[in-house]
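Please read the structure below before turning to the comments.
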Amino acid sequence: MYMGFTIAQLLLLSLISDSMKTEFDAILAKKIFSKDDIVALLSTTDENDVGKLFEKSCSVKKEYVGSEVYLRGLLEFSNVCRKNCFYCGIRSDNKQIHRYSIPDEEIKEIVLHAWKNNYGSMVFQSGERNDAVFIEHVIDILKYSKKITNNEIGITLSCGEQSEKTYQKLFDSGAHRYLLRIETSNEALYYKIHPENETHSFKARIEALRNLKKTGFQTGTGIMIGLPFQTIEDLADDLLFFKKNDIDMVGMGPYIEHKETPMYKYRKLLMPKTERFNLTLRMIAVLRIMMKDINIAASTALQAIDNEGRVKGLKAGANVIMPNLTPSAYIEDYFLYDNKPCLHENIGKYFKLLESSIHDAGDTIAYKKWGDSKHFFTRTSAR
Ligand code: SAM
Ligand code: SF4
């Protein structure tokens, strides 16, 4: 007898509970997901199943990367770009925006401000340029950021595709993480969202990711979710692409249309924004289960759809958040998509709000830590 049940009753109860286990539970319990499994996990909209998915991704997150959220101050230091990606508001053909490059003195102030406010890391992001003046400027930013913070600030760069030699110079100057989204791992879809020419080449993008890893960067990539013509199978392939390429960090966000871009004409083909949002959360959760010890960012684009977007991203399995420290004089000119949140987020009250919602999500902020990818150290020490 156990708690008043006979053995026969206990057997019956276990039979009933087994029969209630669904196909979804069986997939979720697998050690390795096939493409079909991933499609099934991403396709579910049943509240109960989604709850089980998040429960699992959260427990994997707690076990493998803990409940600390790594903080990076995001500085969008220039919106000058040589490229013409069909989805992006700062593409070079958009003549409606004012182009800027933040002067060094202002960049220094922001870095110092972040460091004094216990941020462990910065992300320096910009449009893509590969001329010598730009590269030398980025090298200066890296060197003075290290110098004025006693080498304490960690640095992620996100300045697009560069040559292997340039990546090496950037690494040697103090950057140690690099984000370069593949945007989609489906080559045919890639050319639906980019012009097909020398400056926009899928093969060059793959090569650049390879070079980042070769240089020694903690390598981050990612995709947009809910693009026109994108299928759930494409998204499953994207997750398998991250796994196959043994990526250290991933940033995925919903695609959001922008009026001044060529892709705006496809807006009627898009799923509603809330669906793109929910699908992004499921992508984060499935990825966390598949790649347990990587860093996953809760992207700004999540916040553009839902005021609690990034915190919901953390609850689904993300562990990195990048409050935007770009000064308000520039932030509106880094307008990648409609409704991009335009807050300089270190203003006391916004930061306090963010901090308390992170705590409500059951996480704590890792102040003063670089917040490197655990996966990077596992894969490099195994070599
Ligand atoms: N220029 C660099 C690059 O492309 O890698 C870094 C800056 S770029 C603005 C950063 C990311 O913004 C891109 O990788 C893309 O995924 C995202 N992005 C651009 N336009 C977007 C849109 N309309 N909706 C959602 N994300 C967008
Ligand atoms: Fe330029 Fe990056 Fe925007 Fe493409 S996504 S247009 S490279 S800023």
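FYI, nothing fancy with the structure tokens labels: chains A, B, ... in order, residues from 1 per chain, ligands from 1 as they appear.
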Protein and nucleic acid residues within 9 Å of ligand 1 (only C-alpha atoms and all ligand atoms) as a PyMOL selection string: chain A and resi 76+79+81+83+85-91+125-129+157-161+179-183+221-225+227+251-258+261+263+300-301+334-338+340
Best match for closeness to Arg72 in chain A among A:Asn307, A:Thr166, A:Arg177, A:Lys243, counting only C-alpha atoms: A:Arg177
DSSP-assigned strand (DSSP E) among range 183-362 of chain A, expressed as a PyMOL selection string: chain A and resi 218-221+224-225+249-254+295-298+320-321
Which range 240-341 of chain A residues have any atom within 10 Å of an atom of range 368-379 of chain A, and for each, what is the nearest pair of atoms with distance in Å to one decimal, counting only C-alpha atoms, rows sorted by chain and number, as a tab-separated table?
```
residue	atom	partner	partner_atom	distance
A:Asp246	CA	A:Arg379	CA	8.1
A:Ile247	CA	A:Phe376	CA	8.1
A:Asp248	CA	A:Phe376	CA	5.5
A:Met249	CA	A:Ser373	CA	6.7
A:Met291	CA	A:His375	CA	8.6
A:Lys292	CA	A:His375	CA	8.3
A:Asp293	CA	A:His375	CA	5.2
A:Ile294	CA	A:His375	CA	5.1
A:Asn295	CA	A:Ser373	CA	5.3
A:Ile296	CA	A:Ser373	CA	9.1
A:Asn319	CA	A:Gly371	CA	9.4
A:Val320	CA	A:Gly371	CA	8.3
```
Residues from last step as file, N, CA and C atoms, as a PDB file, in the first residue's frame:
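What landed in result_11.pdb:
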```pdb
ATOM      1  N   ASP A 246      28.413  24.232 -35.041  1.00  0.00           N
ATOM      2  CA  ASP A 246      28.954  24.321 -33.685  1.00  0.00           C
ATOM      3  C   ASP A 246      29.127  25.781 -33.245  1.00  0.00           C
ATOM      4  N   ILE A 247      28.034  26.520 -33.365  1.00  0.00           N
ATOM      5  CA  ILE A 247      28.027  27.965 -33.116  1.00  0.00           C
ATOM      6  C   ILE A 247      28.032  28.232 -31.601  1.00  0.00           C
ATOM      7  N   ASP A 248      28.673  29.328 -31.180  1.00  0.00           N
ATOM      8  CA  ASP A 248      28.780  29.622 -29.740  1.00  0.00           C
ATOM      9  C   ASP A 248      27.636  30.483 -29.205  1.00  0.00           C
ATOM     10  N   MET A 249      27.079  31.316 -30.091  1.00  0.00           N
ATOM     11  CA  MET A 249      26.048  32.266 -29.622  1.00  0.00           C
ATOM     12  C   MET A 249      25.031  32.454 -30.753  1.00  0.00           C
ATOM     13  N   MET A 291      21.079  22.945 -28.084  1.00  0.00           N
ATOM     14  CA  MET A 291      22.457  23.427 -27.869  1.00  0.00           C
ATOM     15  C   MET A 291      22.517  24.023 -26.462  1.00  0.00           C
ATOM     16  N   LYS A 292      22.744  23.146 -25.509  1.00  0.00           N
ATOM     17  CA  LYS A 292      22.468  23.454 -24.108  1.00  0.00           C
ATOM     18  C   LYS A 292      23.325  24.566 -23.507  1.00  0.00           C
ATOM     19  N   ASP A 293      24.612  24.643 -23.936  1.00  0.00           N
ATOM     20  CA  ASP A 293      25.518  25.556 -23.231  1.00  0.00           C
ATOM     21  C   ASP A 293      25.901  26.788 -24.054  1.00  0.00           C
ATOM     22  N   ILE A 294      25.156  27.094 -25.106  1.00  0.00           N
ATOM     23  CA  ILE A 294      25.499  28.296 -25.893  1.00  0.00           C
ATOM     24  C   ILE A 294      24.844  29.533 -25.262  1.00  0.00           C
ATOM     25  N   ASN A 295      25.294  30.706 -25.696  1.00  0.00           N
ATOM     26  CA  ASN A 295      24.607  31.943 -25.305  1.00  0.00           C
ATOM     27  C   ASN A 295      23.501  32.218 -26.315  1.00  0.00           C
ATOM     28  N   ILE A 296      22.320  32.539 -25.819  1.00  0.00           N
ATOM     29  CA  ILE A 296      21.207  32.894 -26.715  1.00  0.00           C
ATOM     30  C   ILE A 296      20.693  34.262 -26.282  1.00  0.00           C
ATOM     31  N   ASN A 319      19.655  33.778 -22.525  1.00  0.00           N
ATOM     32  CA  ASN A 319      20.415  34.158 -21.321  1.00  0.00           C
ATOM     33  C   ASN A 319      21.251  35.429 -21.520  1.00  0.00           C
ATOM     34  N   VAL A 320      20.991  36.159 -22.612  1.00  0.00           N
ATOM     35  CA  VAL A 320      21.729  37.399 -22.864  1.00  0.00           C
ATOM     36  C   VAL A 320      20.735  38.497 -23.206  1.00  0.00           C
TER      37      VAL A 320
END
```
Spatial neighbours of range 281-289 of chain A, max dist 6 Å, only C-alpha atoms, sep filter under 5 positions, as an MDAnalysis selection string: chainID A and resid 42 57 313 316:317
With N, CA, C and O atoms retained, write the just-selected residues as a compact mmCIF listing (two decimals), in the first residue's frame.
```
# COMPACT_ATOMS: atom_id res chain seq x y z
N LEU A 42 8.09 23.08 -33.31
CA LEU A 42 7.87 24.49 -33.68
C LEU A 42 6.43 24.74 -34.09
O LEU A 42 5.92 25.86 -33.96
N SER A 57 12.91 23.76 -21.66
CA SER A 57 14.03 24.63 -22.07
C SER A 57 14.57 25.41 -20.87
O SER A 57 15.77 25.63 -20.75
N GLY A 313 11.58 36.19 -23.78
CA GLY A 313 12.68 35.46 -24.42
C GLY A 313 13.53 34.75 -23.39
O GLY A 313 13.93 33.59 -23.57
N ALA A 316 11.90 31.72 -22.15
CA ALA A 316 11.88 30.61 -23.12
C ALA A 316 13.25 29.93 -23.21
O ALA A 316 13.37 28.86 -23.81
N GLY A 317 14.30 30.56 -22.64
CA GLY A 317 15.61 29.88 -22.67
C GLY A 317 16.78 30.78 -23.03
O GLY A 317 17.93 30.33 -23.03
```
Who sits within 12 Å of Ser201 in chain A, only C-alpha atoms, same chain under 4 positions skipped, as a list in words: Lys83, Asn84, Cys85, Glu161, Ile182, Glu187, Ala188, Tyr190, Tyr191, Lys192, Ile193, His194, Pro195, Glu196, Asn197, Arg205, Ile206, Glu207 and Ala208 of chain A
Contacts of Asp140 in chain A at 10 Å (only C-alpha atoms; same-chain gap of 5+ positions) as a PDB file with C-alpha atoms, in the first residue's frame:
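Result went into part29.pdb, see below:
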```
ATOM      1  CA  ASP A 104      34.988  59.124 -30.479  1.00  0.00           C
ATOM      2  CA  PHE A 134      36.356  52.425 -41.151  1.00  0.00           C
ATOM      3  CA  ILE A 135      38.446  49.444 -40.054  1.00  0.00           C
ATOM      4  CA  SER A 145      37.503  51.047 -24.815  1.00  0.00           C
ATOM      5  CA  LYS A 146      39.909  48.567 -23.284  1.00  0.00           C
ATOM      6  CA  LEU A 170      39.916  43.209 -34.808  1.00  0.00           C
ATOM      7  CA  SER A 173      42.767  44.773 -30.914  1.00  0.00           C
TER       8      SER A 173
END
```
Which of range 40-224 of chain A DSSP labels alpha helix (DSSP H), written as a ChimeraX atom specification: /A:40-43,47-64,104-116,132-148,164-172,187-193,202-215
Atomic distance CA of Ala175 in chain A - CA of Ile110 in chain A, expressed in Å with one decimal: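 Computing the Euclidean distance for CA of Ala175 in chain A and CA of Ile110 in chain A yields 17.1 Å.
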Of the listed residues A:Thr380, A:Thr156, A:Asn211, A:Thr199, that which approaches ligand 2 most closely, counting only C-alpha atoms and all ligand atoms: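 Checking each candidate against ligand 2, we get A:Thr199 as the closest.
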Contacts of Gly66 in chain A at 10 Å (only C-alpha atoms; same-chain gap of 4+ positions) as a PyMOL selection string: chain A and resi 58-62+293+319+363-364
Would you output that residue set with all heavy atoms, as an mmCIF file, in the first residue's frame?
```cif
data_model
loop_
_atom_site.group_PDB
_atom_site.id
_atom_site.type_symbol
_atom_site.label_atom_id
_atom_site.label_comp_id
_atom_site.auth_asym_id
_atom_site.auth_seq_id
_atom_site.Cartn_x
_atom_site.Cartn_y
_atom_site.Cartn_z
ATOM 1 N N CYS A 58 13.660 25.786 -19.953
ATOM 2 C CA CYS A 58 14.112 26.522 -18.763
ATOM 3 C C CYS A 58 14.941 25.640 -17.853
ATOM 4 O O CYS A 58 15.940 26.087 -17.289
ATOM 5 C CB CYS A 58 12.914 27.032 -17.986
ATOM 6 S SG CYS A 58 12.545 28.672 -18.490
ATOM 7 N N SER A 59 14.543 24.363 -17.728
ATOM 8 C CA SER A 59 15.328 23.512 -16.833
ATOM 9 C C SER A 59 16.689 23.219 -17.472
ATOM 10 O O SER A 59 17.706 23.176 -16.773
ATOM 11 C CB SER A 59 14.556 22.261 -16.413
ATOM 12 O OG SER A 59 14.699 21.259 -17.364
ATOM 13 N N VAL A 60 16.749 23.092 -18.800
ATOM 14 C CA VAL A 60 18.051 22.909 -19.472
ATOM 15 C C VAL A 60 18.915 24.148 -19.262
ATOM 16 O O VAL A 60 20.100 24.066 -18.937
ATOM 17 C CB VAL A 60 17.845 22.635 -20.994
ATOM 18 C CG1 VAL A 60 19.177 22.695 -21.731
ATOM 19 C CG2 VAL A 60 17.172 21.296 -21.213
ATOM 20 N N LYS A 61 18.281 25.322 -19.428
ATOM 21 C CA LYS A 61 19.035 26.579 -19.234
ATOM 22 C C LYS A 61 19.624 26.633 -17.819
ATOM 23 O O LYS A 61 20.809 26.904 -17.642
ATOM 24 C CB LYS A 61 18.089 27.759 -19.496
ATOM 25 C CG LYS A 61 18.645 29.105 -19.081
ATOM 26 C CD LYS A 61 17.713 30.242 -19.463
ATOM 27 C CE LYS A 61 17.741 31.343 -18.434
ATOM 28 N NZ LYS A 61 16.951 32.510 -18.799
ATOM 29 N N LYS A 62 18.790 26.360 -16.814
ATOM 30 C CA LYS A 62 19.259 26.437 -15.416
ATOM 31 C C LYS A 62 20.412 25.464 -15.184
ATOM 32 O O LYS A 62 21.401 25.791 -14.560
ATOM 33 C CB LYS A 62 18.120 26.111 -14.434
ATOM 34 C CG LYS A 62 16.994 27.118 -14.464
ATOM 35 C CD LYS A 62 16.892 27.910 -13.175
ATOM 36 C CE LYS A 62 16.335 29.292 -13.287
ATOM 37 N NZ LYS A 62 15.277 29.649 -14.138
ATOM 38 N N ASP A 293 24.612 24.643 -23.936
ATOM 39 C CA ASP A 293 25.518 25.556 -23.231
ATOM 40 C C ASP A 293 25.901 26.788 -24.054
ATOM 41 O O ASP A 293 26.882 27.451 -23.750
ATOM 42 C CB ASP A 293 26.777 24.803 -22.778
ATOM 43 C CG ASP A 293 27.522 24.172 -23.944
ATOM 44 O OD1 ASP A 293 27.001 24.180 -25.064
ATOM 45 O OD2 ASP A 293 28.647 23.668 -23.729
ATOM 46 N N ASN A 319 19.655 33.778 -22.525
ATOM 47 C CA ASN A 319 20.415 34.158 -21.321
ATOM 48 C C ASN A 319 21.251 35.429 -21.520
ATOM 49 O O ASN A 319 22.134 35.704 -20.708
ATOM 50 C CB ASN A 319 21.321 32.993 -20.861
ATOM 51 C CG ASN A 319 22.433 32.687 -21.843
ATOM 52 O OD1 ASN A 319 22.243 32.824 -23.052
ATOM 53 N ND2 ASN A 319 23.579 32.286 -21.352
ATOM 54 N N ASP A 363 15.448 35.168 -12.911
ATOM 55 C CA ASP A 363 16.871 35.273 -13.256
ATOM 56 C C ASP A 363 17.521 36.413 -12.473
ATOM 57 O O ASP A 363 16.839 37.249 -11.892
ATOM 58 C CB ASP A 363 17.021 35.558 -14.768
ATOM 59 C CG ASP A 363 16.692 34.337 -15.614
ATOM 60 O OD1 ASP A 363 16.853 33.207 -15.123
ATOM 61 O OD2 ASP A 363 16.269 34.517 -16.771
ATOM 62 N N THR A 364 18.855 36.437 -12.493
ATOM 63 C CA THR A 364 19.563 37.572 -11.893
ATOM 64 C C THR A 364 20.516 38.140 -12.940
ATOM 65 O O THR A 364 20.932 37.430 -13.859
ATOM 66 C CB THR A 364 20.420 37.146 -10.681
ATOM 67 O OG1 THR A 364 21.252 36.058 -11.103
ATOM 68 C CG2 THR A 364 19.579 36.731 -9.507
#
```
10 Å contact set for Asp25 in chain A, only C-alpha atoms, chain neighbours under 2 positions out, as a PyMOL selection string: chain A and resi 20-23+27-30+41+49+52-53
For C-alpha atoms, I'd like the residues from the last selection saved as an mmCIF file, in the first residue's frame.
```
data_model
loop_
_atom_site.group_PDB
_atom_site.id
_atom_site.type_symbol
_atom_site.label_atom_id
_atom_site.label_comp_id
_atom_site.auth_asym_id
_atom_site.auth_seq_id
_atom_site.Cartn_x
_atom_site.Cartn_y
_atom_site.Cartn_z
ATOM 1 C CA MET A 20 -2.024 10.425 -21.589
ATOM 2 C CA LYS A 21 1.565 10.964 -22.746
ATOM 3 C CA THR A 22 1.262 12.455 -26.178
ATOM 4 C CA GLU A 23 3.382 12.257 -29.267
ATOM 5 C CA ILE A 27 9.458 13.986 -29.028
ATOM 6 C CA LEU A 28 10.363 16.284 -26.148
ATOM 7 C CA ALA A 29 11.906 13.348 -24.265
ATOM 8 C CA LYS A 30 14.286 12.493 -27.132
ATOM 9 C CA LEU A 41 7.896 21.180 -31.803
ATOM 10 C CA ASP A 49 2.423 21.633 -25.112
ATOM 11 C CA LYS A 52 5.888 21.794 -21.474
ATOM 12 C CA LEU A 53 8.376 23.004 -24.095
#
```
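Among the candidates A:Pro228, A:Glu332, A:Ile139, A:Lys315, the one nearest to Leu269 in chain A when counting only C-alpha atoms is A:Pro228.
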